[in-house]
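File shown: work-v7.cif. Contents: mmCIF, C-alpha atoms.
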```
data_model
#
loop_
_atom_site.label_atom_id
_atom_site.label_comp_id
_atom_site.auth_asym_id
_atom_site.auth_seq_id
_atom_site.Cartn_x
_atom_site.Cartn_y
_atom_site.Cartn_z
CA MET A 759 -11.85 9.57 77.22
CA THR A 760 -13.79 6.45 76.20
CA ASP A 761 -17.00 7.41 77.92
CA PRO A 762 -19.67 5.43 76.00
CA ALA A 763 -22.02 8.42 76.23
CA THR A 764 -19.77 10.55 74.00
CA ASP A 765 -18.95 7.92 71.38
CA PRO A 766 -21.85 8.06 68.87
CA ALA A 767 -21.45 4.37 68.03
CA THR A 768 -22.22 3.27 71.58
CA ASP A 769 -24.10 6.27 72.95
CA PRO A 770 -27.46 4.82 74.07
CA LEU A 771 -29.18 8.15 73.42
CA VAL A 772 -27.96 8.22 69.82
CA GLN A 773 -29.01 4.57 69.43
CA ALA A 774 -32.45 5.36 70.79
CA LEU A 775 -32.79 8.36 68.45
CA SER A 776 -31.95 6.27 65.39
CA GLY A 777 -34.68 3.87 66.59
CA LEU A 778 -37.19 6.71 66.14
CA ALA A 779 -36.97 6.43 62.35
CA ALA A 780 -40.27 5.22 60.88
CA ASP A 781 -41.42 4.28 57.41
CA ALA A 782 -44.26 6.21 55.79
CA PRO A 783 -47.71 4.62 56.08
CA GLY A 784 -48.90 2.83 52.96
CA THR A 785 -51.70 5.36 52.44
CA LEU A 786 -49.38 8.37 52.22
CA LEU A 787 -48.67 8.06 48.49
CA GLU A 788 -52.41 8.00 47.72
CA ARG A 789 -52.74 11.38 49.43
CA ILE A 790 -50.10 12.81 47.09
CA ALA A 791 -50.46 11.15 43.71
CA ALA A 792 -53.46 10.52 41.45
CA ARG A 793 -53.92 7.23 39.62
CA ARG A 794 -54.79 6.72 35.96
CA VAL A 795 -56.67 4.02 34.05
CA HIS A 796 -57.99 3.43 30.54
CA VAL A 797 -61.63 2.30 30.28
CA PRO A 798 -63.97 1.89 27.32
CA GLY A 799 -66.41 4.80 27.01
CA PRO A 800 -69.79 5.33 25.32
CA LEU A 801 -68.43 7.42 22.41
CA PRO A 802 -67.66 6.07 18.94
CA GLY A 803 -64.45 6.16 16.91
CA GLU A 804 -61.48 8.20 18.07
CA HIS A 805 -63.22 9.02 21.37
CA ALA A 806 -63.93 5.39 22.35
CA ASP A 807 -60.94 5.17 24.70
CA LEU A 808 -61.41 7.06 27.97
CA GLN A 809 -58.65 7.93 30.40
CA VAL A 810 -59.69 8.53 33.97
CA ALA A 811 -57.60 10.02 36.79
CA PHE A 812 -58.65 9.54 40.40
CA THR A 813 -57.36 10.41 43.86
CA ASP A 814 -58.16 9.11 47.34
CA GLN A 815 -61.05 11.63 47.26
CA GLY A 816 -62.67 10.34 44.07
CA VAL A 817 -62.61 10.64 40.28
CA ALA A 818 -60.97 13.93 39.28
CA PHE A 819 -60.52 13.94 35.50
CA VAL A 820 -62.04 12.18 32.48
CA ARG A 821 -60.89 12.74 28.90
CA ALA A 822 -61.56 10.85 25.66
CA GLY A 823 -59.35 10.18 22.66
CA LEU A 824 -56.04 11.47 24.04
CA ASP A 825 -52.81 9.51 24.03
CA GLU A 826 -51.18 8.93 27.42
CA HIS A 827 -48.73 11.77 27.02
CA GLU A 828 -51.45 14.29 26.10
CA PHE A 829 -53.62 13.13 28.99
CA ALA A 830 -50.72 13.42 31.46
CA ARG A 831 -49.89 16.90 30.18
CA ALA A 832 -53.52 18.06 30.46
CA PHE A 833 -53.81 16.58 33.95
CA ARG A 834 -50.55 18.14 35.10
CA ALA A 835 -51.47 21.58 33.73
CA ARG A 836 -54.73 21.52 35.62
CA PHE A 837 -53.98 19.62 38.85
CA ALA A 838 -50.16 19.77 39.28
CA ARG A 839 -50.20 16.40 41.01
CA PRO A 840 -48.18 13.27 40.20
CA LEU A 841 -50.07 10.79 38.02
CA LEU A 842 -49.24 7.09 38.39
CA PRO A 843 -50.75 3.99 36.79
CA ALA A 844 -53.54 2.15 38.64
CA ASP A 845 -54.10 -1.59 38.71
CA ARG A 846 -57.84 -1.28 38.24
CA PRO A 847 -60.53 1.38 37.85
CA PRO A 848 -62.10 2.76 41.05
CA ALA A 849 -65.16 0.81 42.25
CA GLY A 850 -68.35 2.12 40.68
CA LEU A 851 -66.71 3.86 37.69
CA LEU A 852 -68.02 1.54 34.98
CA PRO A 853 -71.65 1.51 36.23
CA ALA A 854 -71.55 5.32 36.57
CA LEU A 855 -70.33 5.65 32.96
CA ARG A 856 -73.08 3.33 31.76
CA ALA A 857 -75.74 5.27 33.69
CA GLY A 858 -74.36 8.68 32.75
CA ARG A 859 -74.47 9.95 36.32
CA PRO A 860 -72.17 9.60 39.31
CA GLY A 861 -74.60 7.71 41.58
CA ALA A 862 -72.52 6.36 44.48
CA LEU A 863 -69.20 7.09 42.71
CA ARG A 864 -67.19 9.71 44.60
CA LEU A 865 -65.88 12.67 42.60
CA ASP A 866 -62.88 14.81 43.56
CA LEU A 867 -64.03 18.32 42.63
CA ARG A 868 -61.45 20.22 44.71
CA GLY A 869 -59.99 23.05 42.71
CA LEU A 870 -63.27 24.18 41.17
CA SER A 871 -64.73 27.59 41.99
CA ASP A 872 -68.01 27.69 43.94
CA PHE A 873 -69.81 28.73 40.76
CA GLU A 874 -68.27 25.92 38.69
CA ALA A 875 -69.22 23.40 41.38
CA ALA A 876 -72.80 24.72 41.50
CA VAL A 877 -73.06 24.49 37.69
CA LEU A 878 -71.82 20.89 37.73
CA ARG A 879 -74.20 19.94 40.56
CA ALA A 880 -77.10 21.36 38.55
CA ALA A 881 -76.02 19.47 35.41
CA ALA A 882 -75.65 16.25 37.40
CA ALA A 883 -79.37 16.44 38.28
CA ILE A 884 -80.58 16.20 34.63
CA PRO A 885 -82.08 12.73 34.11
CA ARG A 886 -80.88 10.45 31.35
CA GLY A 887 -82.77 11.05 28.09
CA GLN A 888 -83.62 14.67 28.93
CA THR A 889 -82.04 18.04 28.19
CA ARG A 890 -82.08 21.48 29.82
CA PRO A 891 -81.03 24.84 28.41
CA TYR A 892 -77.96 26.73 29.64
CA ALA A 893 -80.28 29.35 31.16
CA TRP A 894 -81.88 26.65 33.34
CA ILE A 895 -78.46 25.68 34.74
CA ALA A 896 -77.68 29.35 35.39
CA ARG A 897 -80.85 29.69 37.43
CA GLN A 898 -80.33 26.42 39.33
CA ALA A 899 -76.76 27.51 40.13
CA GLY A 900 -78.13 30.72 41.66
CA HIS A 901 -76.85 33.09 38.95
CA PRO A 902 -79.73 33.40 36.44
CA ARG A 903 -77.93 36.00 34.31
CA ALA A 904 -74.64 34.10 34.04
CA VAL A 905 -75.69 32.03 31.00
CA ARG A 906 -72.40 32.45 29.10
CA ALA A 907 -70.40 31.66 32.22
CA VAL A 908 -72.39 28.42 32.49
CA GLY A 909 -71.15 27.48 29.01
CA THR A 910 -67.58 28.19 30.07
CA ALA A 911 -67.93 26.20 33.30
CA LEU A 912 -69.42 23.21 31.45
CA GLY A 913 -66.63 23.43 28.86
CA ARG A 914 -64.17 23.00 31.75
CA ASN A 915 -66.10 20.06 33.24
CA PRO A 916 -63.30 17.83 34.60
CA VAL A 917 -65.55 14.75 34.63
CA PRO A 918 -67.76 14.77 31.49
CA LEU A 919 -69.98 11.66 30.99
CA LEU A 920 -70.06 11.25 34.79
CA ILE A 921 -71.49 14.74 35.22
CA PRO A 922 -73.63 14.76 32.06
CA CYS A 923 -72.88 18.20 30.62
CA HIS A 924 -73.94 16.76 27.23
CA ARG A 925 -77.56 17.10 28.47
CA VAL A 926 -77.28 20.89 28.54
CA THR A 927 -78.41 22.33 25.20
CA ARG A 928 -79.12 25.71 23.58
CA SER A 929 -82.53 27.21 24.24
CA ASP A 930 -83.28 27.17 20.48
CA GLY A 931 -83.34 23.36 20.66
CA THR A 932 -79.99 22.74 18.96
CA PRO A 933 -77.49 20.65 20.93
CA GLY A 934 -74.70 23.24 21.02
CA ARG A 935 -71.02 22.81 21.85
CA TYR A 936 -69.41 19.91 23.67
CA ILE A 937 -66.06 19.18 25.22
CA PHE A 938 -65.55 16.15 22.92
CA GLY A 939 -67.07 17.86 19.85
CA ASP A 940 -70.62 18.64 18.70
CA ALA A 941 -71.00 15.28 16.89
CA ALA A 942 -70.19 13.38 20.10
CA LYS A 943 -72.90 15.35 21.92
CA GLN A 944 -75.53 14.40 19.33
CA HIS A 945 -74.38 10.79 19.47
CA LEU A 946 -74.77 10.66 23.26
CA LEU A 947 -78.20 12.32 23.25
CA ARG A 948 -79.55 10.06 20.49
CA ALA A 949 -78.16 7.03 22.35
CA GLU A 950 -80.30 8.15 25.31
CA ASN A 951 -83.36 8.36 23.03
CA VAL A 952 -83.57 12.15 23.00
CA ASP A 953 -85.57 13.00 19.82
CA LEU A 954 -83.37 15.85 18.63
CA ASP A 955 -85.31 16.18 15.36
CA GLN A 956 -88.61 16.61 17.14
CA VAL A 957 -87.11 19.13 19.57
CA ALA A 958 -85.72 21.09 16.61
CA ASP A 959 -89.11 20.98 14.78
CA LEU A 960 -90.91 22.26 17.87
CA ALA A 961 -88.34 25.02 18.33
CA ARG A 962 -88.80 26.13 14.69
CA GLN A 963 -92.53 26.49 15.45
CA GLY A 964 -91.67 28.61 18.50
CA ALA A 965 -92.45 25.85 21.00
CA LEU A 966 -89.59 25.80 23.52
CA LEU A 967 -91.99 24.59 26.23
CA ILE A 968 -94.83 22.07 25.88
CA ALA A 969 -98.05 22.28 27.91
CA SER A 970 -100.88 19.79 28.39
CA ASP A 971 -104.45 21.09 28.48
CA THR A 972 -105.58 18.01 30.44
CA THR A 973 -103.17 18.59 33.38
CA GLY A 974 -102.62 22.34 33.03
CA ILE A 975 -98.85 21.77 33.38
CA VAL A 976 -96.04 23.15 31.19
CA CYS A 977 -92.72 21.26 30.71
CA TYR A 978 -89.52 21.17 28.72
CA PRO A 979 -90.13 19.07 25.58
CA THR A 980 -87.76 16.27 26.73
CA CYS A 981 -89.32 15.99 30.22
CA ALA A 982 -90.76 12.52 30.78
CA ASP A 983 -94.13 14.14 31.56
CA ALA A 984 -94.15 16.17 28.32
CA ARG A 985 -93.43 13.10 26.22
CA ARG A 986 -96.63 11.48 27.46
CA ILE A 987 -98.87 14.32 26.19
CA THR A 988 -100.88 13.17 23.13
CA PRO A 989 -100.66 15.46 20.09
CA ALA A 990 -104.29 16.62 20.45
CA HIS A 991 -103.59 18.06 23.89
CA ARG A 992 -100.17 19.65 23.22
CA HIS A 993 -99.70 23.39 23.30
CA GLY A 994 -96.36 25.03 22.58
CA PHE A 995 -95.09 28.18 24.29
CA ARG A 996 -91.96 30.26 23.71
CA THR A 997 -91.68 31.47 27.30
CA LEU A 998 -92.83 30.43 30.74
CA ALA A 999 -94.52 33.84 31.14
CA ALA A 1000 -96.69 33.15 28.08
CA ALA A 1001 -97.63 29.70 29.42
CA ARG A 1002 -98.49 31.14 32.84
CA ALA A 1003 -100.59 33.84 31.20
CA ALA A 1004 -102.52 31.05 29.44
CA GLY A 1005 -103.18 29.43 32.83
CA TYR A 1006 -100.46 26.74 32.98
CA ARG A 1007 -98.20 26.04 35.95
CA PRO A 1008 -94.54 24.89 35.62
CA CYS A 1009 -93.81 21.15 35.97
CA ARG A 1010 -92.38 20.14 39.36
CA HIS A 1011 -90.07 17.61 37.73
CA CYS A 1012 -88.32 19.66 35.04
CA HIS A 1013 -88.78 23.14 36.59
CA PRO A 1014 -88.97 25.14 33.34
CA ALA A 1015 -87.39 28.60 33.61
CA MET B 1290 -10.71 8.89 52.24
CA THR B 1291 -13.16 6.11 51.40
CA ASP B 1292 -12.81 3.80 48.43
CA PRO B 1293 -14.41 4.97 45.20
CA ALA B 1294 -17.92 3.54 44.75
CA PRO B 1295 -18.03 0.39 42.60
CA VAL B 1296 -18.99 1.15 39.01
CA CYS B 1297 -21.77 -1.44 39.00
CA ALA B 1298 -23.71 0.26 41.86
CA PRO B 1299 -24.63 3.78 40.81
CA ASP B 1300 -25.56 6.33 43.47
CA PRO B 1301 -29.31 6.02 44.25
CA ALA B 1302 -29.65 9.82 44.12
CA GLN B 1303 -28.28 9.72 40.56
CA GLN B 1304 -30.79 7.03 39.61
CA VAL B 1305 -33.66 9.13 40.95
CA VAL B 1306 -32.42 12.22 39.13
CA ALA B 1307 -32.08 10.25 35.88
CA ALA B 1308 -35.64 8.94 36.29
CA LEU B 1309 -36.95 12.49 36.90
CA ALA B 1310 -35.17 13.76 33.82
CA ALA B 1311 -36.73 11.00 31.70
CA ASP B 1312 -40.31 11.41 32.94
CA LEU B 1313 -41.64 13.53 35.80
CA ASP B 1314 -44.31 11.05 36.91
CA THR B 1315 -42.30 7.82 36.87
CA GLY B 1316 -39.40 9.85 38.28
CA PHE B 1317 -41.63 11.01 41.10
CA ALA B 1318 -42.53 7.41 41.91
CA ALA B 1319 -38.79 6.64 42.20
CA LEU B 1320 -38.21 9.77 44.31
CA TYR B 1321 -41.02 8.81 46.68
CA GLU B 1322 -39.89 5.19 46.94
CA ARG B 1323 -36.29 6.17 47.75
CA TYR B 1324 -36.96 9.05 50.18
CA ARG B 1325 -40.33 8.40 51.81
CA ALA B 1326 -38.71 6.94 54.95
CA PRO B 1327 -36.31 9.81 55.75
CA VAL B 1328 -38.99 12.39 54.85
CA PHE B 1329 -41.67 10.72 56.98
CA SER B 1330 -39.27 10.00 59.90
CA THR B 1331 -38.17 13.62 59.95
CA ALA B 1332 -41.75 14.88 59.72
CA LEU B 1333 -42.88 12.52 62.49
CA ARG B 1334 -40.13 13.49 64.93
CA LEU B 1335 -40.40 17.21 64.18
CA CYS B 1336 -44.19 17.30 64.56
CA GLY B 1337 -44.56 14.67 67.26
CA ARG B 1338 -48.00 13.61 66.04
CA ARG B 1339 -48.71 11.11 63.28
CA ALA B 1340 -51.61 12.98 61.69
CA GLU B 1341 -49.59 16.20 61.46
CA ALA B 1342 -46.56 14.29 60.21
CA GLU B 1343 -48.61 12.74 57.39
CA ASP B 1344 -49.90 16.20 56.42
CA LEU B 1345 -46.36 17.60 56.44
CA ALA B 1346 -44.87 14.69 54.48
CA ALA B 1347 -47.68 14.77 51.87
CA GLU B 1348 -47.33 18.55 51.53
CA THR B 1349 -43.55 18.19 51.14
CA PHE B 1350 -43.82 15.70 48.27
CA LEU B 1351 -46.60 17.68 46.58
CA ARG B 1352 -44.58 20.92 46.77
CA ALA B 1353 -41.57 19.04 45.47
CA TYR B 1354 -43.55 17.78 42.47
CA ARG B 1355 -44.95 21.24 41.75
CA ALA B 1356 -41.46 22.73 41.89
CA LEU B 1357 -40.16 20.03 39.53
CA CYS B 1358 -42.91 20.89 37.01
CA GLY B 1359 -41.31 24.31 36.62
CA TYR B 1360 -37.63 23.29 36.68
CA PRO B 1361 -35.60 23.35 33.46
CA PRO B 1362 -33.69 20.11 32.67
CA ALA B 1363 -30.36 21.57 33.85
CA ARG B 1364 -31.79 22.26 37.30
CA ILE B 1365 -33.19 18.72 37.56
CA ALA B 1366 -29.81 17.30 36.51
CA ASP B 1367 -28.12 19.21 39.39
CA LEU B 1368 -30.67 18.12 41.98
CA ARG B 1369 -29.51 16.52 45.25
CA PRO B 1370 -32.84 14.95 46.12
CA ARG B 1371 -32.48 14.22 49.84
CA PRO B 1372 -31.30 17.65 51.07
CA TRP B 1373 -33.66 19.31 48.57
CA LEU B 1374 -36.71 17.40 49.88
CA LEU B 1375 -35.74 17.95 53.51
CA THR B 1376 -35.23 21.68 52.86
CA ILE B 1377 -38.80 21.87 51.55
CA LEU B 1378 -39.95 19.94 54.62
CA ALA B 1379 -38.01 22.10 57.10
CA ASN B 1380 -39.28 25.35 55.55
CA GLN B 1381 -42.85 24.10 55.58
CA TRP B 1382 -42.49 22.94 59.20
CA ARG B 1383 -41.16 26.35 60.29
CA ASN B 1384 -44.03 28.07 58.47
CA ASP B 1385 -46.50 25.76 60.22
CA LEU B 1386 -44.88 26.57 63.59
CA ARG B 1387 -45.28 30.31 62.94
CA THR B 1388 -48.92 29.83 61.95
CA ALA B 1389 -49.56 27.65 65.02
CA ALA B 1390 -47.92 30.28 67.25
CA ARG B 1391 -50.38 32.87 65.97
CA ARG B 1392 -53.33 30.52 66.45
CA PRO B 1393 -52.59 28.52 69.60
CA ARG B 1394 -53.85 24.96 69.78
CA PRO B 1395 -53.76 22.32 72.51
CA ALA B 1396 -50.19 21.26 73.30
CA PRO B 1397 -49.06 18.16 71.33
CA GLU B 1398 -47.95 16.37 74.53
CA THR B 1399 -51.55 16.12 75.74
CA ASP B 1400 -52.53 14.31 72.56
CA ALA B 1401 -52.92 10.56 72.16
CA PRO B 1402 -49.58 8.76 71.75
CA ASP B 1403 -48.45 7.38 68.43
CA ALA B 1404 -50.13 4.25 67.19
CA PRO B 1405 -47.44 1.59 66.72
CA ASP B 1406 -46.38 1.08 63.12
CA PRO B 1407 -48.18 -2.12 62.02
CA ARG B 1408 -45.20 -3.16 59.88
CA GLN B 1409 -42.81 -3.21 62.81
CA SER B 1410 -42.23 -6.66 64.34
CA VAL B 1411 -44.05 -7.24 67.62
CA GLU B 1412 -40.93 -7.77 69.79
CA ASP B 1413 -39.27 -4.78 68.22
CA ALA B 1414 -42.26 -2.61 68.85
CA ALA B 1415 -42.66 -3.81 72.44
CA GLU B 1416 -39.01 -3.22 73.19
CA ARG B 1417 -38.89 0.22 71.64
CA HIS B 1418 -42.30 1.35 72.63
CA GLU B 1419 -41.61 2.83 76.07
CA THR B 1420 -38.19 4.28 75.29
CA GLY B 1421 -39.38 5.59 71.94
CA ARG B 1422 -42.47 7.25 73.27
CA GLU B 1423 -40.62 8.92 76.11
CA LEU B 1424 -37.79 10.08 73.88
CA ALA B 1425 -40.17 11.32 71.17
CA ALA B 1426 -41.97 13.39 73.82
CA ALA B 1427 -38.63 14.71 75.12
CA LEU B 1428 -37.80 16.00 71.61
CA ALA B 1429 -40.72 18.40 71.93
CA ALA B 1430 -38.91 20.11 74.82
CA LEU B 1431 -36.00 21.18 72.59
CA THR B 1432 -35.96 24.53 70.81
CA PRO B 1433 -37.10 24.18 67.18
CA ALA B 1434 -33.53 24.76 65.94
CA GLN B 1435 -32.10 22.08 68.24
CA ARG B 1436 -34.90 19.65 67.45
CA ALA B 1437 -34.43 20.07 63.69
CA ALA B 1438 -30.65 19.56 63.95
CA VAL B 1439 -30.90 16.52 66.26
CA VAL B 1440 -33.67 14.86 64.20
CA LEU B 1441 -31.85 15.38 60.89
CA ARG B 1442 -28.54 14.13 62.33
CA HIS B 1443 -29.62 11.17 64.43
CA VAL B 1444 -33.08 10.09 63.20
CA ALA B 1445 -32.71 10.82 59.47
CA ASP B 1446 -28.95 10.11 59.63
CA LEU B 1447 -27.78 13.08 57.54
CA PRO B 1448 -24.16 14.27 57.62
CA VAL B 1449 -23.60 17.68 59.25
CA ALA B 1450 -22.74 19.37 55.93
CA GLU B 1451 -26.08 18.31 54.44
CA ILE B 1452 -27.95 19.51 57.54
CA ALA B 1453 -26.22 22.88 57.19
CA ASP B 1454 -27.63 23.10 53.64
CA VAL B 1455 -31.10 22.00 54.71
CA LEU B 1456 -31.38 24.48 57.57
CA GLY B 1457 -29.42 27.27 55.88
CA LEU B 1458 -26.91 27.41 58.78
CA ALA B 1459 -23.14 27.21 59.15
CA GLU B 1460 -21.79 23.74 59.97
CA GLY B 1461 -20.46 25.01 63.32
CA THR B 1462 -23.91 26.27 64.24
CA VAL B 1463 -25.45 22.92 63.31
CA LYS B 1464 -22.89 21.05 65.47
CA SER B 1465 -23.62 23.32 68.41
CA HIS B 1466 -27.40 22.82 68.02
CA ILE B 1467 -26.84 19.05 67.94
CA SER B 1468 -24.61 18.92 71.00
CA ARG B 1469 -26.83 21.26 73.03
CA GLY B 1470 -29.87 19.32 71.92
CA LEU B 1471 -28.33 16.00 72.95
CA ALA B 1472 -27.24 17.47 76.28
CA ARG B 1473 -30.77 18.67 76.96
CA LEU B 1474 -32.21 15.26 75.97
CA ARG B 1475 -29.84 13.54 78.44
CA THR B 1476 -31.27 15.61 81.28
CA LEU B 1477 -34.82 14.75 80.17
CA HIS B 1478 -34.49 11.14 79.21
CA THR B 1479 -32.78 8.02 80.51
CA PRO B 1480 -32.76 5.29 77.86
CA GLY B 1481 -34.62 2.20 79.05
CA GLY B 1482 -31.73 -0.20 78.30
CA THR B 1483 -29.32 1.45 80.78
CA PRO B 1484 -29.11 -0.42 84.11
#
```
Now, as a test, write the supplied structure out as structure tokens.
Amino acid sequence: MTDPATDPATDPLVQALSGLAADAPGTLLERIAARRVHVPGPLPGEHADLQVAFTDQGVAFVRAGLDEHEFARAFRARFARPLLPADRPPAGLLPALRAGRPGALRLDLRGLSDFEAAVLRAAAAIPRGQTRPYAWIARQAGHPRAVRAVGTALGRNPVPLLIPCHRVTRSDGTPGRYIFGDAAKQHLLRAENVDLDQVADLARQGALLIASDTTGIVCYPTCADARRITPAHRHGFRTLAAARAAGYRPCRHCHPA
Amino acid sequence: MTDPAPVCAPDPAQQVVAALAADLDTGFAALYERYRAPVFSTALRLCGRRAEAEDLAAETFLRAYRALCGYPPARIADLRPRPWLLTILANQWRNDLRTAARRPRPAPETDAPDAPDPRQSVEDAAERHETGRELAAALAALTPAQRAAVVLRHVADLPVAEIADVLGLAEGTVKSHISRGLARLRTLHTPGGTP
């Protein structure tokens, strides 16, 4: 009755099976958990400290002015993924924050609806120092009538500052709401040399679009091309239809709606 | 009866549960650290392929975390982490098998063999490689119930009572799956070390 094949301690098959145990690869945890870091951001005062969460797919979540517990709770409510400390920020994060656009930085936008992703892609295309109205985003995202939904989608932007939703403003020229507060939005736009006072003055005069009678082109007031028009050649229009009726064509850089 | 555990060395499961009760995220790190090897080993030997095993192990830990988010403190305090994790894994594996049965794919045996684990020592790997590969392939010939019982008992080293919990079976049924599974493996596989 001492057949080695039936005694588990000496059974070669049992020995061989226990040899099939294997440790998890080092990359497995990164597929499961997100990592978190603090980095300095471009906002003043209570919003100066940014917390950033990132996965093996890219940056997933950016919030300003929260303590670690609040950030973890917000992240968990939205992503339901473990959040562990990181040794260092992901490569490319700090340059992307300075530039106000993702550039080569990868973003993890899983979990967004197709519409939300389209809205964020449209917002990401607005150059630094320029603004576009919510209606423009709605059109670029393929849903020209969904202007309010654009506001909601931008309000849920998981990666503000990297996808510059602060460059989306109301069509009356006022900056409008922002995820980190209206004052933060004005601060960011002024820091990018957007002349909010001039935009507001023009809007009061009914000029939501600016045309040049030397080029025959009509632009948004913050478009780099519009800013080059000398005062003598500026013409303001409330709508693109009015500008077209006066013989102007829309700018191919800022695509006024 | 075994001796009572020394007071200075608390049960690792208790340490993990205490860490989870204190903070879900640092607790998760402790849970992963303590149980990644049995979870990954089980996933690897149930699936047979590394890529699928990584998917299954990642899904298991993510589901575990999401379940923990909704558990009240009393439920976390009562947690037995290893059988709980392996129950999540076994259920997910059986679901995947059902899905795969509806949408047939190329048989796993025709796939490329496992890459050797880079952390294993070279001699170890060389010695185990042939036997291990053959035996791992032989596991695929068992019925799913036998494979699960054999892998949990002899690869993950769980006691029969814990396997019964994980698979939702009576202990007698688990023992019979194990002995039939081993008998089938003996007809399929001759360990390399036997003269």
- Mind listing as an MDAnalysis selection string which residues of chain B are within 8 Å of chain A, counting only C-alpha atoms? chainID B and resid 1313:1315 1317:1318 1321 1325:1327 1329:1331 1333:1334 1343 1347:1348 1350:1351 1354:1355 1358 1406 1417 1420:1421 1424:1425 1440 1443:1446 1471 1475 1479:1480 1482:1483
- Query: CA of His805 in chain A and CA of Pro918 in chain A are how many Å apart?
  - Reply: 12.5 Å
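Our summary of the geometry notes that CA of Ala792 in chain A is positioned 7.7 Å from CA of Asp814 in chain A.
For range 993-998 of chain A, the set of protein, DNA and RNA residues having any atom at most 7 Å away, when counting all atoms listed in the file and skipping those fewer than 5 positions along the same chain, is Gly964, Ala965, Leu966, Leu967, Ile968, Ala969, Ser970 and Ala1015 of chain A.
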- Query: Applied to the shown file, which residues does the PyMOL selection byres ((chain A and resi 1005-1007) around 7) return, written as a PyMOL selection string?
  - Reply: chain A and resi 974-976+1001-1004+1008-1009
- Counting all atoms listed in the file, the option among B:Pro1370, B:Pro1433, B:Pro1448, B:Pro1361 closest to Asp1300 in chain B: B:Pro1370
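Take CA of Arg793 in chain A and CA of Asp1385 in chain B: the distance between them is 28.7 Å.
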Would you compute an axis-aligned box for range 1447-1450 of chain B, covering every atom listed for it in the file with 4 Å of margin on each side, and report centre and edge lengths in Å to one decimal as JSON?
```
{"center_x": -25.3, "center_y": 16.2, "center_z": 57.6, "size_x": 13.0, "size_y": 14.3, "size_z": 11.3}
```
- Query: Leaving out Tyr892 in chain A and any residue of its chain fewer than 6 positions from it, which residues lie within 7 Å of it when counting only C-alpha atoms, given as number ranges by chain?
  - Reply: A: 905, 908-909, 926-928
- Can you list, as a PyMOL selection string, the residues that the PyMOL selection byres ((chain B and resi 1305) around 8) selects here? chain B and resi 1301-1304+1306-1309+1316+1319-1320+1323+1370
Include C-alpha atoms and write out the residues we just selected as a PDB file, in the frame of the given file.
```pdb
ATOM      1  CA  PRO B1301     -29.310   6.020  44.250  1.00  0.00           C
ATOM      2  CA  ALA B1302     -29.650   9.820  44.120  1.00  0.00           C
ATOM      3  CA  GLN B1303     -28.280   9.720  40.560  1.00  0.00           C
ATOM      4  CA  GLN B1304     -30.790   7.030  39.610  1.00  0.00           C
ATOM      5  CA  VAL B1306     -32.420  12.220  39.130  1.00  0.00           C
ATOM      6  CA  ALA B1307     -32.080  10.250  35.880  1.00  0.00           C
ATOM      7  CA  ALA B1308     -35.640   8.940  36.290  1.00  0.00           C
ATOM      8  CA  LEU B1309     -36.950  12.490  36.900  1.00  0.00           C
ATOM      9  CA  GLY B1316     -39.400   9.850  38.280  1.00  0.00           C
ATOM     10  CA  ALA B1319     -38.790   6.640  42.200  1.00  0.00           C
ATOM     11  CA  LEU B1320     -38.210   9.770  44.310  1.00  0.00           C
ATOM     12  CA  ARG B1323     -36.290   6.170  47.750  1.00  0.00           C
ATOM     13  CA  PRO B1370     -32.840  14.950  46.120  1.00  0.00           C
TER      14      PRO B1370
END
```
- Nearby residues (only C-alpha atoms) at most 6 Å from Phe819 in chain A, same-chain spacing under 3 positions excluded, as JSON, numbers by chain: {"A": [810, 811, 916, 917]}
- Message: Here's the selection I'm unsure about, the PyMOL selection byres ((chain A and resi 803) around 12); applied to the file above, which residues does it give, as a ChimeraX atom specification?
- Response: /A:798-802,804-808,822-823,938,941-942,945
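Take the candidates B:Glu1322, B:Asp1312, B:Asp1367, B:Asp1454 and check each one against Ala1379 in chain B using all atoms listed in the file; the shortest distance goes to B:Asp1454.
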